[in-house]
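Below: structure_6.cif (mmCIF, C-alpha atoms)
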```cif
data_run
#
loop_
_atom_site.group_PDB
_atom_site.id
_atom_site.type_symbol
_atom_site.label_atom_id
_atom_site.label_comp_id
_atom_site.auth_asym_id
_atom_site.auth_seq_id
_atom_site.Cartn_x
_atom_site.Cartn_y
_atom_site.Cartn_z
ATOM 1 C CA MET A 223 115.643 91.297 104.857
ATOM 2 C CA ASN A 224 117.137 91.271 108.329
ATOM 3 C CA ASP A 225 117.548 88.328 110.696
ATOM 4 C CA PHE A 226 117.920 88.740 114.438
ATOM 5 C CA SER A 227 119.057 86.589 117.331
ATOM 6 C CA ARG A 228 116.702 85.029 119.845
ATOM 7 C CA ILE A 229 116.016 86.733 123.181
ATOM 8 C CA ASP A 230 113.835 85.530 126.040
ATOM 9 C CA GLN A 231 111.540 88.481 126.602
ATOM 10 C CA GLY A 232 109.291 90.824 124.678
ATOM 11 C CA ILE A 233 106.800 90.214 121.886
ATOM 12 C CA THR A 234 107.445 89.528 118.223
ATOM 13 C CA ILE A 235 104.717 90.929 115.975
ATOM 14 C CA VAL A 236 103.615 88.975 112.909
ATOM 15 C CA THR A 237 101.398 90.660 110.343
ATOM 16 C CA ALA A 238 100.614 90.527 106.627
ATOM 17 C CA PHE A 239 99.328 92.560 103.713
ATOM 18 C CA PHE A 240 98.003 91.374 100.360
ATOM 19 C CA ASP A 241 96.078 93.471 97.884
ATOM 20 C CA ILE A 242 92.732 91.695 97.515
ATOM 21 C CA GLY A 243 91.190 94.479 95.455
ATOM 22 C CA ARG A 244 89.512 96.326 98.280
ATOM 23 C CA GLY A 245 90.307 99.652 96.625
ATOM 24 C CA ASP A 246 87.666 98.750 94.028
ATOM 25 C CA TRP A 247 84.961 98.006 96.589
ATOM 26 C CA THR A 248 83.263 101.353 96.055
ATOM 27 C CA LYS A 249 79.666 102.551 96.228
ATOM 28 C CA ASP A 250 79.487 102.965 92.456
ATOM 29 C CA GLN A 251 80.393 99.282 92.205
ATOM 30 C CA GLY A 252 77.439 98.450 94.436
ATOM 31 C CA HIS A 253 79.350 97.982 97.714
ATOM 32 C CA PRO A 254 78.601 99.606 101.090
ATOM 33 C CA GLY A 255 80.829 102.622 101.676
ATOM 34 C CA TYR A 256 82.500 101.123 104.739
ATOM 35 C CA LEU A 257 84.101 98.361 102.654
ATOM 36 C CA HIS A 258 86.172 100.685 100.471
ATOM 37 C CA ARG A 259 89.791 100.738 101.633
ATOM 38 C CA PRO A 260 92.549 101.562 99.102
ATOM 39 C CA THR A 261 96.011 100.069 99.450
ATOM 40 C CA ASP A 262 97.519 103.448 100.347
ATOM 41 C CA ARG A 263 95.174 103.714 103.318
ATOM 42 C CA TYR A 264 96.374 100.378 104.675
ATOM 43 C CA PHE A 265 99.939 101.610 104.486
ATOM 44 C CA GLU A 266 99.016 104.821 106.301
ATOM 45 C CA TYR A 267 97.599 102.657 109.084
ATOM 46 C CA PHE A 268 100.686 100.449 109.046
ATOM 47 C CA LYS A 269 102.948 103.463 109.541
ATOM 48 C CA ASN A 270 101.413 103.821 113.006
ATOM 49 C CA LEU A 271 101.908 100.171 113.985
ATOM 50 C CA ALA A 272 105.412 100.190 112.464
ATOM 51 C CA LYS A 273 106.599 102.770 114.993
ATOM 52 C CA LEU A 274 106.919 99.979 117.548
ATOM 53 C CA GLU A 275 110.468 98.789 118.195
ATOM 54 C CA ASN A 276 109.321 95.185 118.596
ATOM 55 C CA PRO A 277 110.680 92.673 116.082
ATOM 56 C CA PHE A 278 108.335 92.412 113.077
ATOM 57 C CA ILE A 279 107.728 89.575 110.627
ATOM 58 C CA VAL A 280 105.629 90.663 107.654
ATOM 59 C CA TYR A 281 104.111 88.425 104.982
ATOM 60 C CA THR A 282 103.301 90.128 101.713
ATOM 61 C CA SER A 283 103.684 90.001 97.938
ATOM 62 C CA GLU A 284 106.849 91.010 96.118
ATOM 63 C CA GLU A 285 105.700 94.502 95.111
ATOM 64 C CA PHE A 286 105.341 95.698 98.719
ATOM 65 C CA VAL A 287 108.662 94.540 100.196
ATOM 66 C CA ASP A 288 110.626 97.754 99.694
ATOM 67 C CA LYS A 289 107.740 99.899 100.899
ATOM 68 C CA ILE A 290 107.398 97.919 104.130
ATOM 69 C CA LEU A 291 111.135 97.981 104.853
ATOM 70 C CA LYS A 292 111.260 101.727 104.193
ATOM 71 C CA ILE A 293 108.423 102.340 106.648
ATOM 72 C CA ARG A 294 110.172 100.233 109.286
ATOM 73 C CA GLU A 295 113.312 102.375 108.881
ATOM 74 C CA GLY A 296 115.871 99.745 109.833
ATOM 75 C CA LYS A 297 113.993 98.353 112.824
ATOM 76 C CA LYS A 298 114.211 94.591 113.330
ATOM 77 C CA THR A 299 112.119 93.326 110.443
ATOM 78 C CA ILE A 300 111.849 90.197 108.342
ATOM 79 C CA VAL A 301 109.698 90.317 105.211
ATOM 80 C CA ILE A 302 108.499 87.070 103.658
ATOM 81 C CA THR A 303 107.034 87.053 100.153
ATOM 82 C CA ILE A 304 104.377 84.592 99.119
ATOM 83 C CA ASP A 305 101.988 84.199 96.189
ATOM 84 C CA ILE A 306 98.835 83.318 98.101
ATOM 85 C CA LYS A 307 96.695 82.951 94.972
ATOM 86 C CA GLU A 308 99.002 80.252 93.681
ATOM 87 C CA LYS A 309 99.905 78.560 96.968
ATOM 88 C CA PHE A 310 96.320 78.404 98.210
ATOM 89 C CA LYS A 311 94.557 78.007 94.865
ATOM 90 C CA PHE A 312 92.721 74.886 96.041
ATOM 91 C CA PHE A 313 91.236 76.663 99.058
ATOM 92 C CA LEU A 314 90.355 79.780 97.066
ATOM 93 C CA ASN A 315 88.389 77.635 94.634
ATOM 94 C CA ARG A 316 86.707 75.764 97.463
ATOM 95 C CA ILE A 317 85.730 78.992 99.231
ATOM 96 C CA GLU A 318 84.371 80.473 96.006
ATOM 97 C CA LYS A 319 82.276 77.383 95.305
ATOM 98 C CA ILE A 320 80.681 77.590 98.766
ATOM 99 C CA GLN A 321 80.071 81.332 98.533
ATOM 100 C CA LYS A 322 78.203 80.822 95.265
ATOM 101 C CA ASN A 323 76.221 77.900 96.628
ATOM 102 C CA GLU A 324 72.561 78.905 96.967
ATOM 103 C CA GLU A 325 72.031 76.594 99.927
ATOM 104 C CA PHE A 326 74.789 78.394 101.841
ATOM 105 C CA ARG A 327 73.607 81.841 100.769
ATOM 106 C CA SER A 328 70.053 81.053 101.844
ATOM 107 C CA LYS A 329 71.310 80.412 105.391
ATOM 108 C CA VAL A 330 73.069 83.774 105.645
ATOM 109 C CA ALA A 331 71.083 86.716 107.008
ATOM 110 C CA SER A 332 70.024 88.597 103.874
ATOM 111 C CA GLU A 333 71.295 91.965 105.134
ATOM 112 C CA GLN A 334 74.756 90.436 105.602
ATOM 113 C CA LEU A 335 75.228 89.110 102.073
ATOM 114 C CA CYS A 336 76.871 92.386 101.054
ATOM 115 C CA ASN A 337 79.771 91.703 103.424
ATOM 116 C CA PRO A 338 82.903 90.093 101.928
ATOM 117 C CA GLU A 339 82.776 87.047 104.210
ATOM 118 C CA TYR A 340 80.001 85.830 101.942
ATOM 119 C CA TRP A 341 81.230 86.770 98.447
ATOM 120 C CA SER A 342 85.016 87.460 98.360
ATOM 121 C CA PRO A 343 87.253 84.341 98.353
ATOM 122 C CA PRO A 344 90.521 86.334 98.816
ATOM 123 C CA TYR A 345 89.051 88.154 101.815
ATOM 124 C CA VAL A 346 88.070 84.910 103.525
ATOM 125 C CA LEU A 347 91.402 83.287 102.666
ATOM 126 C CA VAL A 348 93.610 86.108 103.966
ATOM 127 C CA ASN A 349 91.670 86.387 107.214
ATOM 128 C CA ASN A 350 91.969 82.657 107.748
ATOM 129 C CA LEU A 351 95.743 82.589 107.165
ATOM 130 C CA LYS A 352 96.730 84.534 110.283
ATOM 131 C CA SER A 353 97.603 81.521 112.413
ATOM 132 C CA TYR A 354 99.288 79.932 109.389
ATOM 133 C CA PHE A 355 101.642 82.897 109.041
ATOM 134 C CA VAL A 356 102.568 82.875 112.730
ATOM 135 C CA ASN A 357 103.120 79.126 112.730
ATOM 136 C CA ASP A 358 105.243 79.418 109.581
ATOM 137 C CA SER A 359 107.403 82.036 111.316
ATOM 138 C CA ILE A 360 107.917 79.762 114.286
ATOM 139 C CA GLN A 361 108.629 76.630 112.235
ATOM 140 C CA ASN A 362 111.242 78.539 110.240
ATOM 141 C CA ASN A 363 112.955 79.792 113.420
ATOM 142 C CA LEU A 364 112.264 83.435 112.602
ATOM 143 C CA VAL A 365 110.750 84.363 115.952
ATOM 144 C CA SER A 366 113.102 86.045 118.415
ATOM 145 C CA THR A 367 110.960 86.132 121.566
ATOM 146 C CA ASP A 368 108.969 83.817 123.813
ATOM 147 C CA LEU A 369 105.698 85.608 123.018
ATOM 148 C CA VAL A 370 104.348 86.107 119.507
ATOM 149 C CA ALA A 371 101.436 88.349 118.550
ATOM 150 C CA TRP A 372 99.424 88.508 115.398
ATOM 151 C CA ILE A 373 98.409 92.143 114.844
ATOM 152 C CA ASP A 374 96.483 93.186 111.745
ATOM 153 C CA PHE A 375 98.486 95.283 109.280
ATOM 154 C CA GLY A 376 95.841 98.024 109.497
ATOM 155 C CA TYR A 377 95.029 97.723 113.208
ATOM 156 C CA CYS A 378 96.315 101.174 114.184
ATOM 157 C CA ARG A 379 93.885 103.482 112.390
ATOM 158 C CA ASP A 380 95.531 106.439 114.117
ATOM 159 C CA ILE A 381 98.604 107.012 116.257
ATOM 160 C CA LYS A 382 96.490 107.138 119.428
ATOM 161 C CA THR A 383 95.853 103.410 119.080
ATOM 162 C CA LEU A 384 99.477 102.800 120.128
ATOM 163 C CA ASN A 385 98.851 104.527 123.473
ATOM 164 C CA ASN A 386 102.216 106.340 123.246
ATOM 165 C CA LEU A 387 104.116 103.055 123.150
ATOM 166 C CA THR A 388 107.441 102.637 121.410
ATOM 167 C CA GLN A 389 107.966 99.083 122.697
ATOM 168 C CA TRP A 390 105.022 96.780 123.431
ATOM 169 C CA ASN A 391 105.400 94.403 126.355
ATOM 170 C CA TYR A 392 102.914 92.654 128.618
ATOM 171 C CA ARG A 393 103.067 89.600 130.887
ATOM 172 C CA PHE A 394 100.532 87.448 129.086
ATOM 173 C CA ASP A 395 99.952 84.015 130.640
ATOM 174 C CA THR A 396 102.039 81.717 128.432
ATOM 175 C CA SER A 397 99.855 78.694 129.241
ATOM 176 C CA LYS A 398 96.980 80.229 127.231
ATOM 177 C CA MET A 399 96.313 81.632 123.786
ATOM 178 C CA HIS A 400 94.969 85.144 124.185
ATOM 179 C CA LEU A 401 92.092 86.418 122.065
ATOM 180 C CA PHE A 402 90.200 89.661 122.588
ATOM 181 C CA THR A 403 86.474 90.368 122.777
ATOM 182 C CA ILE A 404 84.257 93.423 122.354
ATOM 183 C CA HIS A 405 81.386 92.085 124.450
ATOM 184 C CA LYS A 406 81.444 90.610 127.952
ATOM 185 C CA LYS A 407 79.569 87.390 127.572
ATOM 186 C CA TYR A 408 78.921 84.712 125.000
ATOM 187 C CA HIS A 409 77.165 81.393 125.495
ATOM 188 C CA PHE A 410 79.321 78.876 123.625
ATOM 189 C CA THR A 411 77.057 76.333 121.996
ATOM 190 C CA LYS A 412 77.140 74.883 118.495
ATOM 191 C CA GLU A 413 73.882 76.635 117.689
ATOM 192 C CA ASN A 414 75.090 80.043 118.865
ATOM 193 C CA VAL A 415 78.379 79.712 117.014
ATOM 194 C CA LEU A 416 76.604 78.764 113.784
ATOM 195 C CA ASN A 417 74.150 81.646 114.176
ATOM 196 C CA SER A 418 77.044 84.056 114.716
ATOM 197 C CA ILE A 419 78.794 82.785 111.588
ATOM 198 C CA LEU A 420 75.707 83.083 109.396
ATOM 199 C CA GLY A 421 74.562 86.335 110.978
ATOM 200 C CA ASN A 422 77.978 88.032 111.062
ATOM 201 C CA VAL A 423 77.726 88.628 114.810
ATOM 202 C CA PRO A 424 81.079 89.881 116.205
ATOM 203 C CA PHE A 425 82.372 88.796 119.597
ATOM 204 C CA ILE A 426 86.034 87.773 119.277
ATOM 205 C CA ILE A 427 88.000 90.245 117.160
ATOM 206 C CA GLY A 428 90.535 89.134 114.571
ATOM 207 C CA GLY A 429 92.877 92.094 114.908
ATOM 208 C CA GLY A 430 95.100 90.670 117.625
ATOM 209 C CA ILE A 431 96.127 87.298 119.040
ATOM 210 C CA VAL A 432 98.932 86.584 121.518
ATOM 211 C CA GLY A 433 100.544 83.333 122.589
ATOM 212 C CA SER A 434 103.820 81.627 123.361
ATOM 213 C CA VAL A 435 106.124 80.084 120.779
ATOM 214 C CA GLN A 436 105.298 76.699 122.323
ATOM 215 C CA LEU A 437 101.507 77.094 122.160
ATOM 216 C CA TRP A 438 101.049 78.773 118.778
ATOM 217 C CA PRO A 439 101.617 75.549 116.732
ATOM 218 C CA LYS A 440 98.914 73.781 118.752
ATOM 219 C CA PHE A 441 96.604 76.745 118.229
ATOM 220 C CA TYR A 442 97.300 76.621 114.501
ATOM 221 C CA GLU A 443 96.306 72.947 114.432
ATOM 222 C CA LEU A 444 93.085 73.794 116.282
ATOM 223 C CA ILE A 445 92.285 76.640 113.872
ATOM 224 C CA LEU A 446 92.978 74.450 110.855
ATOM 225 C CA THR A 447 90.678 71.752 112.238
ATOM 226 C CA SER A 448 87.888 74.317 112.691
ATOM 227 C CA GLN A 449 88.414 75.738 109.202
ATOM 228 C CA LEU A 450 88.259 72.314 107.571
ATOM 229 C CA GLU A 451 85.184 71.388 109.595
ATOM 230 C CA LEU A 452 83.337 74.437 108.300
ATOM 231 C CA LEU A 453 84.425 73.781 104.724
ATOM 232 C CA ASP A 454 83.209 70.197 105.020
ATOM 233 C CA GLN A 455 79.827 71.580 106.072
ATOM 234 C CA ASN A 456 79.831 73.947 103.054
ATOM 235 C CA ILE A 457 80.193 76.988 105.310
ATOM 236 C CA VAL A 458 82.792 79.758 105.165
ATOM 237 C CA ASP A 459 83.502 82.697 107.420
ATOM 238 C CA ASP A 460 86.334 85.033 108.217
ATOM 239 C CA ASP A 461 88.522 84.506 111.271
ATOM 240 C CA GLN A 462 85.956 85.634 113.857
ATOM 241 C CA GLY A 463 83.639 82.679 113.305
ATOM 242 C CA VAL A 464 86.554 80.252 113.242
ATOM 243 C CA TYR A 465 87.784 81.557 116.607
ATOM 244 C CA LEU A 466 84.343 81.032 118.131
ATOM 245 C CA LEU A 467 84.287 77.442 116.909
ATOM 246 C CA SER A 468 87.829 76.867 118.167
ATOM 247 C CA LYS A 469 86.986 78.245 121.614
ATOM 248 C CA LEU A 470 83.993 75.901 121.693
ATOM 249 C CA LYS A 471 86.252 72.955 120.814
ATOM 250 C CA LYS A 472 89.066 73.676 123.283
ATOM 251 C CA PRO A 473 87.905 76.228 125.848
ATOM 252 C CA ASP A 474 90.855 75.691 128.172
ATOM 253 C CA MET A 475 93.434 76.587 125.524
ATOM 254 C CA ILE A 476 91.992 80.047 124.820
ATOM 255 C CA GLN A 477 91.683 82.958 127.244
ATOM 256 C CA LEU A 478 89.273 85.694 126.229
ATOM 257 C CA ASN A 479 90.321 89.233 127.181
ATOM 258 C CA TYR A 480 87.655 91.933 127.248
ATOM 259 C CA LEU A 481 88.482 95.213 125.494
ATOM 260 C CA GLY A 482 85.232 97.050 126.200
ATOM 261 C CA LYS A 483 81.910 97.209 124.422
ATOM 262 C CA ASN A 484 82.554 97.544 120.677
ATOM 263 C CA ASN A 485 86.056 98.813 121.472
ATOM 264 C CA TRP A 486 88.018 97.006 118.778
ATOM 265 C CA PHE A 487 91.255 98.968 119.093
ATOM 266 C CA ALA A 488 92.165 98.935 122.808
ATOM 267 C CA ILE A 489 94.758 96.150 122.927
ATOM 268 C CA PHE A 490 97.747 98.473 123.352
ATOM 269 C CA LYS A 491 95.874 100.640 125.851
ATOM 270 C CA ILE A 492 94.768 97.888 128.219
ATOM 271 C CA TYR A 493 97.425 95.220 127.708
ATOM 272 C CA SER A 494 100.643 97.163 128.098
ATOM 273 C CA GLN A 495 103.373 96.715 130.699
ATOM 274 C CA THR A 496 103.708 100.492 131.004
ATOM 275 C CA ASN A 497 100.130 100.943 132.156
ATOM 276 C CA SER A 498 99.830 101.727 135.828
ATOM 277 C CA ILE A 499 97.262 100.003 138.016
ATOM 278 C CA LEU A 500 95.287 103.256 138.056
ATOM 279 C CA ASP A 501 95.251 103.365 134.247
ATOM 280 C CA LYS A 502 93.917 99.809 134.127
ATOM 281 C CA ILE A 503 91.163 100.611 136.635
ATOM 282 C CA LYS A 504 90.164 103.694 134.643
ATOM 283 C CA SER A 505 90.092 101.658 131.424
ATOM 284 C CA ALA A 506 87.995 98.924 133.013
ATOM 285 C CA ILE A 507 85.506 101.482 134.326
ATOM 286 C CA LYS A 508 85.342 103.288 130.989
ATOM 287 C CA PHE A 509 84.742 100.121 128.971
ATOM 288 C CA TRP A 510 82.441 98.390 131.497
#
```
Could you render the structure as structure tokens?
Amino acid sequence: MNDFSRIDQGITIVTAFFDIGRGDWTKDQGHPGYLHRPTDRYFEYFKNLAKLENPFIVYTSEEFVDKILKIREGKKTIVITIDIKEKFKFFLNRIEKIQKNEEFRSKVASEQLCNPEYWSPPYVLVNNLKSYFVNDSIQNNLVSTDLVAWIDFGYCRDIKTLNNLTQWNYRFDTSKMHLFTIHKKYHFTKENVLNSILGNVPFIIGGGIVGSVQLWPKFYELILTSQLELLDQNIVDDDQGVYLLSKLKKPDMIQLNYLGKNNWFAIFKIYSQTNSILDKIKSAIKFW
């Protein structure tokens, strides 16, 4: 593992990978085809993201450390190992109990019950640990830049997602946490948020979050409060529902950045310092 000194510009990328058994989520096991994603496929995706020269902090289990460092090829990288099943056993058990609760299941849209938000405890746990991992990096003085971004390990499905970048920079407003949406408008009410959680309605994506070193810990506290509130109501969801609830709670902390209708993978295309004004106008017109 490599450590690196602090600088005052750029973006540190935090990500994570844990094998939650998704390679076994196949059609012959009764799962929709879109859920099947073997471990090797995640690492093929990660190879694209890993081309960035930005400092990386990666949370994973022991068996993947060497593979991650080899892919990063000596770039500034810190790998942190953690046994999430042991460390978060209490929350895994609590999530599982809710997912099996018939009262909760009866509230979920029937056509959505096949999705892992409603039956896989490890899936829900890992998606809800994103802000925890970033906050842990900051509290342990591992972050080298003023801005920190969570980017999903498998965010870059192909090399085009990087938009020809080798170094990702953008002047994000450091007074806000930046989340990204795939639709223009959302009416933030308790009822709408609950309906989105139970109906698996996407608005805020979970693939990317950006904020300052100073603001991330406060965001983590907000996320944790939202997560515990849902658990206390015997409700679970992945990160998307939690972000909706958090935006409802503290709207001024979170800035929503529009990527384009259903355009999940445009962060590096739209929010890049290398983009010219003309490129941004073209992107806005295309995704309008």
Atom CA of Val330 of chain A and atom CA of Asn456 of chain A are how many Å apart?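 Pair atom CA of Val330 of chain A / atom CA of Asn456 of chain A returns 12.2 Å.
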Given the file shown, enumerate the residues that the PyMOL selection byres ((chain A and resi 236) around 10) captures and present them as a list in words.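 Against this file, the PyMOL selection byres ((chain A and resi 236) around 10) returns the residues Ile233, Thr234, Ile235, Thr237, Ala238, Pro277, Phe278, Ile279, Val280, Tyr281, Thr299, Ile300, Val301, Lys352, Ser353, Phe355, Val356, Asn357, Ser359, Val365, Val370, Ala371, Trp372, Ile373, Asp374, Phe375, Gly430 and Ile431 of chain A.
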Return as AutoDock Vina command-line options the box centre and box size in Å, one decimal, for an axis-aligned box around all listed atoms of segment 478-495 of chain A padded by 4 Å per side.
```
--center_x 92.6 --center_y 93.2 --center_z 124.7 --size_x 29.5 --size_y 22.9 --size_z 19.9
```
Apply the PyMOL selection byres ((chain A and resi 434-446) around 8) to the file shown and report the selected residues as a PyMOL selection string. chain A and resi 353-354+356-357+360+365+367-370+396-399+432-433+447-450+464-465+468+475
Please write the residues from the selection above to a file, keeping C-alpha atoms, as a PDB file, in the coordinates of the input.
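Saved to selection_36.pdb:
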```pdb
ATOM      1  CA  SER A 353      97.603  81.521 112.413  1.00  0.00           C
ATOM      2  CA  TYR A 354      99.288  79.932 109.389  1.00  0.00           C
ATOM      3  CA  VAL A 356     102.568  82.875 112.730  1.00  0.00           C
ATOM      4  CA  ASN A 357     103.120  79.126 112.730  1.00  0.00           C
ATOM      5  CA  ILE A 360     107.917  79.762 114.286  1.00  0.00           C
ATOM      6  CA  VAL A 365     110.750  84.363 115.952  1.00  0.00           C
ATOM      7  CA  THR A 367     110.960  86.132 121.566  1.00  0.00           C
ATOM      8  CA  ASP A 368     108.969  83.817 123.813  1.00  0.00           C
ATOM      9  CA  LEU A 369     105.698  85.608 123.018  1.00  0.00           C
ATOM     10  CA  VAL A 370     104.348  86.107 119.507  1.00  0.00           C
ATOM     11  CA  THR A 396     102.039  81.717 128.432  1.00  0.00           C
ATOM     12  CA  SER A 397      99.855  78.694 129.241  1.00  0.00           C
ATOM     13  CA  LYS A 398      96.980  80.229 127.231  1.00  0.00           C
ATOM     14  CA  MET A 399      96.313  81.632 123.786  1.00  0.00           C
ATOM     15  CA  VAL A 432      98.932  86.584 121.518  1.00  0.00           C
ATOM     16  CA  GLY A 433     100.544  83.333 122.589  1.00  0.00           C
ATOM     17  CA  THR A 447      90.678  71.752 112.238  1.00  0.00           C
ATOM     18  CA  SER A 448      87.888  74.317 112.691  1.00  0.00           C
ATOM     19  CA  GLN A 449      88.414  75.738 109.202  1.00  0.00           C
ATOM     20  CA  LEU A 450      88.259  72.314 107.571  1.00  0.00           C
ATOM     21  CA  VAL A 464      86.554  80.252 113.242  1.00  0.00           C
ATOM     22  CA  TYR A 465      87.784  81.557 116.607  1.00  0.00           C
ATOM     23  CA  SER A 468      87.829  76.867 118.167  1.00  0.00           C
ATOM     24  CA  MET A 475      93.434  76.587 125.524  1.00  0.00           C
TER      25      MET A 475
END
```
Go through segment 401-447 of chain A residue by residue and, counting all atoms listed in the file, keep those with an atom at most 10 Å from segment 482-494 of chain A; for each kept residue give the shortest atom pair and its distance in Å to one decimal, ordered by chain and increasing number, as a tab-separated table.
```
residue	atom	partner	partner_atom	distance
A:Phe402	CA	A:Ile489	CA	7.9
A:Thr403	CA	A:Gly482	CA	7.6
A:Ile404	CA	A:Asn484	CA	4.8
A:His405	CA	A:Lys483	CA	5.2
A:Lys406	CA	A:Lys483	CA	7.5
A:Pro424	CA	A:Asn484	CA	9.0
A:Phe425	CA	A:Asn484	CA	8.8
A:Ile426	CA	A:Trp486	CA	9.5
A:Ile427	CA	A:Trp486	CA	7.0
A:Gly428	CA	A:Trp486	CA	9.3
A:Gly429	CA	A:Trp486	CA	7.9
A:Gly430	CA	A:Ile489	CA	7.6
A:Ile431	CA	A:Ile489	CA	9.8
```
Expanded to explicit residues, what is the PyMOL selection byres ((chain A and resi 339-341) around 9) for this file, as a list in words?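 Here the PyMOL selection byres ((chain A and resi 339-341) around 9) matches Glu318, Ile320, Gln321, Lys322, Arg327, Val330, Gln334, Leu335, Cys336, Asn337, Pro338, Ser342, Pro343, Tyr345, Val346, Asn422, Val458, Asp459 and Asp460 of chain A.
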Pull C-alpha atoms from the residues just selected and write them as a JSON list (two decimals), keeping the file's coordinate frame.
```json
[["chain", "number", "residue", "atom", "x", "y", "z"],
["A", 318, "GLU", "CA", 84.37, 80.47, 96.01],
["A", 320, "ILE", "CA", 80.68, 77.59, 98.77],
["A", 321, "GLN", "CA", 80.07, 81.33, 98.53],
["A", 322, "LYS", "CA", 78.20, 80.82, 95.26],
["A", 327, "ARG", "CA", 73.61, 81.84, 100.77],
["A", 330, "VAL", "CA", 73.07, 83.77, 105.64],
["A", 334, "GLN", "CA", 74.76, 90.44, 105.60],
["A", 335, "LEU", "CA", 75.23, 89.11, 102.07],
["A", 336, "CYS", "CA", 76.87, 92.39, 101.05],
["A", 337, "ASN", "CA", 79.77, 91.70, 103.42],
["A", 338, "PRO", "CA", 82.90, 90.09, 101.93],
["A", 342, "SER", "CA", 85.02, 87.46, 98.36],
["A", 343, "PRO", "CA", 87.25, 84.34, 98.35],
["A", 345, "TYR", "CA", 89.05, 88.15, 101.82],
["A", 346, "VAL", "CA", 88.07, 84.91, 103.52],
["A", 422, "ASN", "CA", 77.98, 88.03, 111.06],
["A", 458, "VAL", "CA", 82.79, 79.76, 105.16],
["A", 459, "ASP", "CA", 83.50, 82.70, 107.42],
["A", 460, "ASP", "CA", 86.33, 85.03, 108.22]]
```
Got a sec: who's within 9 Å of Gly243 of chain A, counting only C-alpha atoms, leaving out chain neighbours fewer than 6 positions off, as a list in words?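 So the residues in contact are Arg259, Pro260, Thr261 and Pro344 of chain A.
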Rounded to one decimal place, report the atom CA of Asn479 of chain A-atom CA of Asn417 of chain A distance in Å.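 Calculated distance between atom CA of Asn479 of chain A and atom CA of Asn417 of chain A is 22.1 Å.
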Suppose you want the space between atom CA of Pro254 of chain A and atom CA of Leu351 of chain A; what is it in Å? 24.9 Å
Using all atoms listed in the file for the distances, tell me which of A:Ser418, A:Cys378, A:Ile476, A:Leu384 is nearest to His400 of chain A. A:Ile476
Which is closer to Ile317 of chain A than all the others in A:Thr248, A:Gln455, A:Asn391, A:Thr383, using only C-alpha atoms?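 That would be A:Gln455, the residue with the smallest distance to Ile317 of chain A.
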Shell around segment 408-416 of chain A at 8 Å using all atoms listed in the file, local window under 3 positions removed, as a list of chain:residue names: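 With the cut-off at 8 Å, the set is A:His405, A:Ile419, A:Leu420, A:Phe425, A:Gly463, A:Leu466, A:Leu467, A:Lys469, A:Leu470.
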